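Below: structure-v5.csv (CSV, C-alpha atoms)
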chain,number,residue,atom,x,y,z
A,1,MET,CA,79.2,86.0,101.5
A,2,ASN,CA,82.4,85.1,99.8
A,3,ASN,CA,82.4,85.1,96.0
A,4,GLY,CA,86.1,84.1,95.7
A,5,ILE,CA,87.4,87.3,94.1
A,6,VAL,CA,90.0,88.0,96.9
A,7,GLU,CA,91.3,84.4,96.9
A,8,ARG,CA,91.6,84.1,93.1
A,9,GLN,CA,93.4,87.4,92.6
A,10,ASN,CA,96.0,86.4,95.2
A,11,GLU,CA,96.7,82.9,93.7
A,12,GLU,CA,100.4,82.7,92.9
A,13,LYS,CA,99.8,81.8,89.3
A,14,TYR,CA,97.8,84.9,88.7
A,15,ILE,CA,100.2,87.1,90.7
A,16,CYS,CA,102.6,86.1,87.9
A,17,TYR,CA,100.1,87.4,85.4
A,18,LEU,CA,100.0,90.8,87.1
A,19,ALA,CA,103.8,90.8,87.4
A,20,ALA,CA,104.1,90.1,83.6
A,21,GLN,CA,101.8,92.9,82.6
A,22,ARG,CA,103.5,95.3,85.0
A,23,GLN,CA,106.9,94.4,83.5
A,24,LEU,CA,105.7,95.0,80.0
A,25,TYR,CA,104.2,98.4,80.9
A,26,ASN,CA,107.5,99.3,82.7
A,27,GLU,CA,109.4,98.5,79.5
A,28,ALA,CA,107.0,100.6,77.5
A,29,LYS,CA,107.4,103.4,80.0
A,30,ARG,CA,111.2,103.3,79.8
A,31,LEU,CA,110.9,103.9,76.1
A,32,ASP,CA,108.5,106.7,76.7
A,33,GLY,CA,111.1,108.1,79.1
A,34,ILE,CA,113.7,108.2,76.4
A,35,GLU,CA,111.3,110.3,74.3
A,36,ILE,CA,110.7,112.6,77.2
A,37,LEU,CA,114.5,112.9,77.7
A,38,PHE,CA,115.0,114.2,74.2
A,39,SER,CA,111.8,116.1,73.9
A,40,VAL,CA,111.7,117.9,77.2
A,41,VAL,CA,114.7,117.3,79.5
A,42,LEU,CA,117.6,117.9,77.1
A,43,PRO,CA,116.0,121.0,75.5
A,44,LEU,CA,115.6,122.5,79.0
A,45,PHE,CA,119.2,121.7,79.8
A,46,PHE,CA,120.5,123.4,76.7
A,47,ALA,CA,118.2,126.3,77.4
A,48,ALA,CA,119.8,126.8,80.8
A,49,LEU,CA,123.3,126.5,79.2
A,50,GLN,CA,122.3,129.2,76.6
A,51,LEU,CA,121.4,131.5,79.5
A,52,ILE,CA,124.9,131.1,80.9
A,53,ILE,CA,126.9,130.8,77.7
A,54,SER,CA,125.7,133.4,75.1
A,55,ASP,CA,126.1,133.2,71.3
A,56,ASN,CA,127.4,129.7,71.2
A,57,THR,CA,127.1,128.2,67.7
A,58,TYR,CA,127.5,124.7,69.0
A,59,LEU,CA,124.6,125.0,71.5
A,60,ASN,CA,122.3,126.6,68.8
A,61,ALA,CA,123.1,123.8,66.4
A,62,THR,CA,122.5,121.1,69.1
A,63,SER,CA,119.0,122.5,69.8
A,64,TYR,CA,118.1,122.0,66.1
A,65,VAL,CA,119.6,118.5,66.1
A,66,LEU,CA,117.5,117.6,69.1
A,67,SER,CA,114.4,118.5,67.2
A,68,ILE,CA,115.2,116.0,64.5
A,69,ILE,CA,116.3,113.2,67.0
A,70,SER,CA,113.2,113.5,69.1
A,71,MET,CA,110.9,113.2,66.1
A,72,GLY,CA,112.9,110.2,64.9
A,73,ILE,CA,112.7,108.5,68.3
A,74,SER,CA,109.0,109.0,68.4
A,75,LEU,CA,108.6,107.3,65.0
A,76,LEU,CA,111.1,104.5,65.8
A,77,PHE,CA,109.7,103.6,69.2
A,78,GLY,CA,106.0,104.1,68.5
A,79,SER,CA,105.1,100.7,67.1
A,80,TYR,CA,107.4,98.9,69.6
A,81,ILE,CA,105.7,100.6,72.6
A,82,ASP,CA,102.2,99.8,71.1
A,83,ARG,CA,103.0,96.0,70.9
A,84,LYS,CA,104.2,96.0,74.5
A,85,LYS,CA,101.0,97.7,75.7
A,86,GLU,CA,98.8,95.4,73.7
A,87,THR,CA,100.4,92.3,75.2
A,88,ALA,CA,100.3,93.8,78.7
A,89,ALA,CA,96.6,94.5,78.2
A,90,GLU,CA,95.9,91.0,77.0
A,91,ILE,CA,97.7,89.5,80.1
A,92,GLN,CA,95.6,91.8,82.3
A,93,GLN,CA,92.5,90.6,80.5
A,94,HIS,CA,93.3,87.0,81.3
A,95,PHE,CA,93.8,87.9,84.9
A,96,ASP,CA,90.6,89.8,85.2
A,97,LEU,CA,88.5,87.1,83.5
A,98,TYR,CA,89.8,84.4,85.8
A,99,VAL,CA,89.2,86.5,88.9
A,100,TYR,CA,85.7,87.4,87.7
A,101,GLN,CA,85.0,83.9,86.5
A,102,MET,CA,83.9,85.5,83.3
A,103,PRO,CA,83.9,83.6,80.1
A,104,TRP,CA,86.2,84.7,77.2
A,105,ASP,CA,83.9,86.0,74.4
A,106,ASN,CA,85.8,85.9,71.1
A,107,LYS,CA,83.4,88.4,69.5
A,108,LEU,CA,84.1,91.0,72.3
A,109,PHE,CA,87.7,90.2,73.2
A,110,GLY,CA,89.2,88.7,70.1
A,111,LEU,CA,90.6,85.2,69.8
A,112,GLN,CA,92.2,83.9,73.0
A,113,ARG,CA,95.9,83.2,72.6
A,114,ASN,CA,98.2,81.1,74.7
A,115,ILE,CA,100.4,83.6,76.5
A,116,THR,CA,101.9,81.3,79.1
A,117,HIS,CA,105.5,81.7,77.8
A,118,VAL,CA,105.3,85.5,77.8
A,119,VAL,CA,103.9,85.5,81.3
A,120,ALA,CA,106.6,83.3,82.6
A,121,GLU,CA,109.4,85.3,81.0
A,122,LYS,CA,108.2,88.7,82.1
A,123,ALA,CA,107.0,87.7,85.5
A,124,LYS,CA,110.5,86.3,86.3
A,125,LEU,CA,112.1,89.6,85.5
A,126,LEU,CA,109.8,91.7,87.8
A,127,LEU,CA,109.6,89.3,90.7
A,128,LYS,CA,113.4,89.3,91.1
A,129,ASN,CA,112.5,92.2,93.4
A,130,PRO,CA,110.6,90.7,96.4
A,131,LYS,CA,108.9,94.0,97.1
A,132,GLU,CA,107.0,93.7,93.8
A,133,HIS,CA,105.1,90.6,95.0
A,134,GLU,CA,103.7,92.5,97.9
A,135,ARG,CA,102.6,95.4,95.6
A,136,LEU,CA,100.6,92.9,93.5
A,137,THR,CA,98.5,91.3,96.3
A,138,ASN,CA,95.0,92.4,96.7
A,139,TRP,CA,95.0,94.1,93.3
A,140,TYR,CA,91.3,94.9,93.8
A,141,THR,CA,89.6,96.1,97.0
A,142,THR,CA,88.8,93.2,99.3
A,143,VAL,CA,85.3,94.5,99.7
A,144,ALA,CA,84.6,93.2,96.2
A,145,GLY,CA,84.9,89.7,97.6
A,146,THR,CA,82.1,90.1,100.2
A,147,VAL,CA,79.1,90.6,97.9
A,148,ASP,CA,77.3,88.8,95.1
A,149,LEU,CA,79.8,87.9,92.3
A,150,LYS,CA,78.2,90.1,89.6
A,151,LYS,CA,78.2,93.1,92.0
A,152,GLY,CA,81.8,92.3,93.0
A,153,ILE,CA,82.8,92.3,89.3
A,154,LEU,CA,81.2,95.7,88.9
A,155,MET,CA,83.0,97.0,91.9
A,156,CYS,CA,86.4,96.0,90.4
A,157,GLN,CA,85.5,97.5,87.1
A,158,LYS,CA,84.4,100.7,88.8
A,159,GLU,CA,87.7,100.8,90.6
A,160,ASN,CA,89.6,100.5,87.3
A,161,TYR,CA,87.6,103.3,85.9
A,162,ASN,CA,87.8,105.8,88.7
A,163,TRP,CA,91.5,105.2,89.3
A,164,ASP,CA,92.5,105.5,85.6
A,165,VAL,CA,90.4,108.5,84.6
A,166,ASN,CA,91.4,110.6,87.6
A,167,LEU,CA,95.1,109.7,87.1
A,168,ARG,CA,95.0,110.8,83.4
A,169,LYS,CA,93.3,114.1,84.2
A,170,ARG,CA,96.0,114.9,86.7
A,171,PHE,CA,98.8,114.0,84.3
A,172,ARG,CA,97.2,116.0,81.5
A,173,ARG,CA,97.0,119.1,83.7
A,174,LEU,CA,100.6,118.7,84.8
A,175,SER,CA,101.9,118.2,81.3
A,176,VAL,CA,100.2,121.3,80.0
A,177,ILE,CA,101.5,123.4,82.9
A,178,VAL,CA,105.1,122.2,82.6
A,179,ILE,CA,105.4,122.7,78.9
A,180,ILE,CA,103.8,126.2,79.0
A,181,ILE,CA,106.3,127.2,81.7
A,182,LEU,CA,109.2,125.7,79.7
A,183,THR,CA,108.1,127.5,76.5
A,184,ILE,CA,107.9,130.8,78.3
A,185,LEU,CA,111.3,130.2,79.8
A,186,VAL,CA,112.9,129.5,76.4
A,187,PHE,CA,111.6,132.8,75.0
A,188,LEU,CA,112.5,134.7,78.1
A,189,ILE,CA,116.1,133.6,77.6
A,190,GLY,CA,116.0,135.3,74.2
A,191,ILE,CA,114.5,138.4,75.6
A,192,VAL,CA,117.1,138.6,78.4
A,193,LYS,CA,119.8,138.2,75.7
A,194,ASN,CA,118.2,141.1,73.7
A,195,GLU,CA,117.8,138.9,70.6
A,196,THR,CA,116.2,140.2,67.5
A,197,VAL,CA,112.6,139.2,66.5
A,198,VAL,CA,114.1,136.9,63.8
A,199,MET,CA,116.3,135.1,66.4
A,200,LEU,CA,113.3,134.8,68.7
A,201,LEU,CA,111.3,133.1,65.9
A,202,CYS,CA,114.3,130.8,65.3
A,203,ARG,CA,113.9,129.7,68.9
A,204,PHE,CA,110.6,128.1,67.8
A,205,ALA,CA,112.7,125.3,66.4
A,206,PHE,CA,114.2,124.8,69.8
A,207,ILE,CA,110.8,124.2,71.4
A,208,ILE,CA,109.4,122.0,68.6
A,209,PRO,CA,110.3,118.8,70.5
A,210,MET,CA,108.5,119.9,73.6
A,211,LEU,CA,105.4,121.1,71.7
A,212,GLN,CA,105.4,117.9,69.7
A,213,TRP,CA,105.5,115.8,72.9
A,214,LEU,CA,102.8,117.9,74.5
A,215,PHE,CA,100.5,117.7,71.5
A,216,GLU,CA,100.8,113.9,71.1
A,217,THR,CA,100.5,113.3,74.9
A,218,VAL,CA,97.5,115.5,75.4
A,219,LYS,CA,95.8,114.2,72.3
A,220,GLN,CA,96.2,110.6,73.6
A,221,LEU,CA,95.1,111.5,77.1
A,222,ASN,CA,92.0,113.3,75.8
A,223,LYS,CA,91.2,110.2,73.8
A,224,ASP,CA,91.8,108.0,76.8
A,225,ILE,CA,89.6,110.2,79.1
A,226,LYS,CA,86.8,110.3,76.5
A,227,ASN,CA,86.8,106.5,76.1
A,228,LEU,CA,86.7,106.1,79.9
A,229,GLU,CA,84.0,108.6,80.4
A,230,GLU,CA,81.8,106.7,77.9
A,231,LEU,CA,81.9,103.9,80.4
A,232,ASP,CA,80.5,106.2,83.2
A,233,GLY,CA,76.9,105.6,82.3
A,234,LEU,CA,77.3,101.9,82.2
A,235,ILE,CA,79.4,101.6,85.4
A,236,SER,CA,77.6,104.2,87.5
A,237,SER,CA,74.1,102.9,86.9
A,238,SER,CA,72.6,101.5,90.1
A,239,GLU,CA,70.7,98.8,88.3
A,240,PRO,CA,72.0,95.2,88.7
A,241,LYS,CA,74.1,94.0,85.8
A,242,ASN,CA,73.9,90.6,84.1
A,243,MET,CA,77.0,88.9,82.8
A,244,ASP,CA,76.5,90.1,79.2
A,245,GLU,CA,76.5,93.7,80.4
A,246,LEU,CA,79.6,93.1,82.5
A,247,GLN,CA,81.3,91.6,79.5
A,248,GLU,CA,80.5,94.7,77.5
A,249,ILE,CA,82.0,96.9,80.1
A,250,GLN,CA,85.0,94.6,80.3
A,251,SER,CA,85.4,94.8,76.5
A,252,LYS,CA,85.6,98.6,76.7
A,253,ILE,CA,88.2,98.5,79.5
A,254,TYR,CA,90.3,96.0,77.5
A,255,ILE,CA,90.2,98.2,74.3
A,256,HIS,CA,91.2,101.2,76.4
A,257,ARG,CA,94.2,99.4,78.0
A,258,LYS,CA,95.6,98.3,74.7
A,259,SER,CA,96.0,101.9,73.4
A,260,CYS,CA,96.1,104.2,76.4
A,261,TYR,CA,99.1,106.4,77.3
A,262,THR,CA,101.4,104.9,79.8
A,263,ILE,CA,101.6,107.1,82.9
A,264,PRO,CA,105.1,107.3,84.4
A,265,ASN,CA,105.5,105.1,87.5
A,266,LYS,CA,106.6,108.0,89.8
A,267,PHE,CA,103.5,109.9,89.0
A,268,TYR,CA,101.4,106.7,89.5
A,269,ASP,CA,103.1,106.0,92.8
A,270,ARG,CA,102.5,109.6,94.0
A,271,TYR,CA,98.7,109.1,94.1
A,272,LYS,CA,98.6,105.3,94.7
A,273,ASN,CA,97.8,105.3,98.4
A,274,ASN,CA,95.2,108.0,98.1
A,275,ASP,CA,93.5,106.3,95.2
A,276,GLU,CA,93.5,102.9,96.9
A,277,ASP,CA,91.8,104.5,99.9
A,278,VAL,CA,89.2,106.2,97.8
A,279,ALA,CA,88.5,102.9,95.9
A,280,HIS,CA,88.0,101.1,99.2
A,281,ARG,CA,85.7,103.7,100.6
A,282,THR,CA,83.7,103.8,97.4
A,283,ALA,CA,83.3,100.0,97.4
A,284,LEU,CA,82.1,100.2,101.1
A,285,LEU,CA,79.4,102.8,100.1
A,286,ASP,CA,78.3,100.6,97.1
A,287,LYS,CA,78.1,97.5,99.2
Give the structure from the file, written as structure tokens.
Amino acid sequence: MNNGIVERQNEEKYICYLAAQRQLYNEAKRLDGIEILFSVVLPLFFAALQLIISDNTYLNATSYVLSIISMGISLLFGSYIDRKKETAAEIQQHFDLYVYQMPWDNKLFGLQRNITHVVAEKAKLLLKNPKEHERLTNWYTTVAGTVDLKKGILMCQKENYNWDVNLRKRFRRLSVIVIIILTILVFLIGIVKNETVVMLLCRFAFIIPMLQWLFETVKQLNKDIKNLEELDGLISSSEPKNMDELQEIQSKIYIHRKSCYTIPNKFYDRYKNNDEDVAHRTALLDK
């Protein structure tokens, strides 16, 4: 049996849709990276300098300025990042619905917009690198193309769910561990330098950017994971799904994509091969 999923997902026109959504997510991740730079990397750098250079007024003042800058960057970039993610999710939705041959339901998905210009503009930027084209082929496991169409759609949706929820749990765990270590390090510097209790408390201003980043990141990841796990009952059920039920699942995936935290590419790539293999094996077992 061939339901056409594999052929449709690899059509050149729809490879451009995937390229456009990836480019938009990359742009959002770069802005997130600037926030991480000011919230985590630079405070760590200045903490190391303070360990080497003691009682430097300039370094102390810089640490407080970083706190203000990081909060300002978060406020400044927030809405801009959200718009990029929403557009990327909308493009991905167009791709999915074509591959699934699923009708666009205005009540579930909102009004359908013409996004051709955005797709053309953003896809051109990403596909300047020939390697990106190869990364976008066979977006979903090829096993999904060998079963009944509705079952194939569910396989693709399950692949989305499993990949995303596991990635976010890993990143949440890593974020908490890293910030705890950095926070302990900052206070250890003060202890090594025999600072007074008052000075140690002043160091709290130094770690505010890191704690702010951790709080916002973990809060969003918790929300993402909760939203995804609400899908578990619908996706994991062994009962055959009709198109209305598949549309409901797709609606929840679409809502999640529009607001979810953007995982850094290096972290994503670290687990890519393993997660693709798991998705393929899961699909074979579900076949």
Can I get the residues of range 167-260 of chain A within 9 Å of range 104-120 of chain A, each with the closest pair of atoms and their distance in Å to one decimal, using only C-alpha atoms, sorted chain first then ascending number, as a tab-separated table?
residue	atom	partner	partner_atom	distance
A:Gln247	CA	A:Leu108	CA	7.7
A:Glu248	CA	A:Leu108	CA	7.3
A:Gln250	CA	A:Phe109	CA	8.8
A:Ser251	CA	A:Leu108	CA	5.8
A:Lys252	CA	A:Leu108	CA	8.9
A:Tyr254	CA	A:Phe109	CA	7.7
A:Ile255	CA	A:Phe109	CA	8.5
Shell around range 234-242 of chain A at 12 Å using all atoms listed in the file, local window under 5 positions removed, as an mmCIF file with C-alpha atoms, in the coordinates of the input:
data_model
loop_
_atom_site.group_PDB
_atom_site.id
_atom_site.type_symbol
_atom_site.label_atom_id
_atom_site.label_comp_id
_atom_site.auth_asym_id
_atom_site.auth_seq_id
_atom_site.Cartn_x
_atom_site.Cartn_y
_atom_site.Cartn_z
ATOM 1 C CA MET A 102 83.900 85.500 83.300
ATOM 2 C CA ASP A 148 77.300 88.800 95.100
ATOM 3 C CA LEU A 149 79.800 87.900 92.300
ATOM 4 C CA LYS A 150 78.200 90.100 89.600
ATOM 5 C CA LYS A 151 78.200 93.100 92.000
ATOM 6 C CA GLY A 152 81.800 92.300 93.000
ATOM 7 C CA ILE A 153 82.800 92.300 89.300
ATOM 8 C CA LEU A 154 81.200 95.700 88.900
ATOM 9 C CA MET A 155 83.000 97.000 91.900
ATOM 10 C CA CYS A 156 86.400 96.000 90.400
ATOM 11 C CA GLN A 157 85.500 97.500 87.100
ATOM 12 C CA LYS A 158 84.400 100.700 88.800
ATOM 13 C CA GLU A 159 87.700 100.800 90.600
ATOM 14 C CA ASN A 160 89.600 100.500 87.300
ATOM 15 C CA TYR A 161 87.600 103.300 85.900
ATOM 16 C CA ASN A 162 87.800 105.800 88.700
ATOM 17 C CA LEU A 228 86.700 106.100 79.900
ATOM 18 C CA GLU A 229 84.000 108.600 80.400
ATOM 19 C CA GLN A 247 81.300 91.600 79.500
ATOM 20 C CA GLU A 248 80.500 94.700 77.500
ATOM 21 C CA ILE A 249 82.000 96.900 80.100
ATOM 22 C CA GLN A 250 85.000 94.600 80.300
ATOM 23 C CA LYS A 252 85.600 98.600 76.700
ATOM 24 C CA ILE A 253 88.200 98.500 79.500
ATOM 25 C CA THR A 282 83.700 103.800 97.400
ATOM 26 C CA ASP A 286 78.300 100.600 97.100
ATOM 27 C CA LYS A 287 78.100 97.500 99.200
#
Exercise for the section: Pick out the residues sitting within 12 Å of Arg170 in chain A, and hand them over as a PyMOL selection string; count only C-alpha atoms, and ignore anything fewer than 4 positions along from it in its own chain. Expected result: chain A and resi 163-166+174-177+218+221-222+225+263+267-268+270-271
Exercise for the section: Find, counting only C-alpha atoms, the residue in A:Leu127, A:Leu185, A:Leu24, A:Cys16 that gets nearest to Phe95 in chain A. Expected result: A:Cys16
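Between CA of Leu214 in chain A and CA of Cys260 in chain A lies a distance of 15.4 Å.
Take the candidates A:Gly72, A:Lys266, A:Arg172, A:Ile184 and check each one against Phe38 in chain A using all atoms listed in the file; the shortest distance goes to A:Gly72.
For the pair CA of Ala89 in chain A and CA of Ala19 in chain A, the interatomic distance is 12.3 Å.
Between CA of Lys219 in chain A and CA of Trp139 in chain A lies a distance of 29.1 Å.
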Problem - Counting all atoms listed in the file, the option among A:Arg257, A:Lys272, A:Arg173, A:Lys128 closest to Thr217 in chain A - result: A:Arg173
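You can rank A:Glu121, A:His94, A:Asn138, A:Ile179 by their closest distance to Ile208 in chain A using all atoms listed in the file, and at the top of that list sits A:Ile179.
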Handout entry: Neighbours of point (107.4, 103.5, 75.7) within 10 Å, using all atoms listed in the file, written as a list in words
Key = Leu24, Tyr25, Asn26, Glu27, Ala28, Lys29, Arg30, Leu31, Asp32, Gly33, Ile34, Glu35, Ile36, Ser74, Phe77, Gly78, Ser79, Tyr80, Ile81, Asp82, Arg83, Lys84, Lys85, Tyr261, Thr262, Ile263 and Pro264 of chain A
Problem - For Val6 in chain A: contacts at 9 Å, all atoms listed in the file, fewer than 6 positions along chain excluded, given as JSON, numbers by chain - result: {"A": [99, 138, 139, 140, 141, 142, 143, 144, 145, 146]}
File dump, residues just selected, C-alpha atoms, as a PDB file, in the frame of the given file:
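Output below, filename again32.pdb:
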ATOM      1  CA  VAL A  99      89.200  86.500  88.900  1.00  0.00           C
ATOM      2  CA  ASN A 138      95.000  92.400  96.700  1.00  0.00           C
ATOM      3  CA  TRP A 139      95.000  94.100  93.300  1.00  0.00           C
ATOM      4  CA  TYR A 140      91.300  94.900  93.800  1.00  0.00           C
ATOM      5  CA  THR A 141      89.600  96.100  97.000  1.00  0.00           C
ATOM      6  CA  THR A 142      88.800  93.200  99.300  1.00  0.00           C
ATOM      7  CA  VAL A 143      85.300  94.500  99.700  1.00  0.00           C
ATOM      8  CA  ALA A 144      84.600  93.200  96.200  1.00  0.00           C
ATOM      9  CA  GLY A 145      84.900  89.700  97.600  1.00  0.00           C
ATOM     10  CA  THR A 146      82.100  90.100 100.200  1.00  0.00           C
TER      11      THR A 146
END
Exercise for the section: Rank nothing, just name the residue among A:Phe215, A:Gln21, A:Phe45, A:Asn10 nearest to Ile180 in chain A, using all atoms listed in the file. Expected result: A:Phe215
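The closest residue to Arg8 in chain A, picked from A:Asn129, A:Asn227, A:Thr183, A:Gln101 and counting all atoms listed in the file, is A:Gln101.
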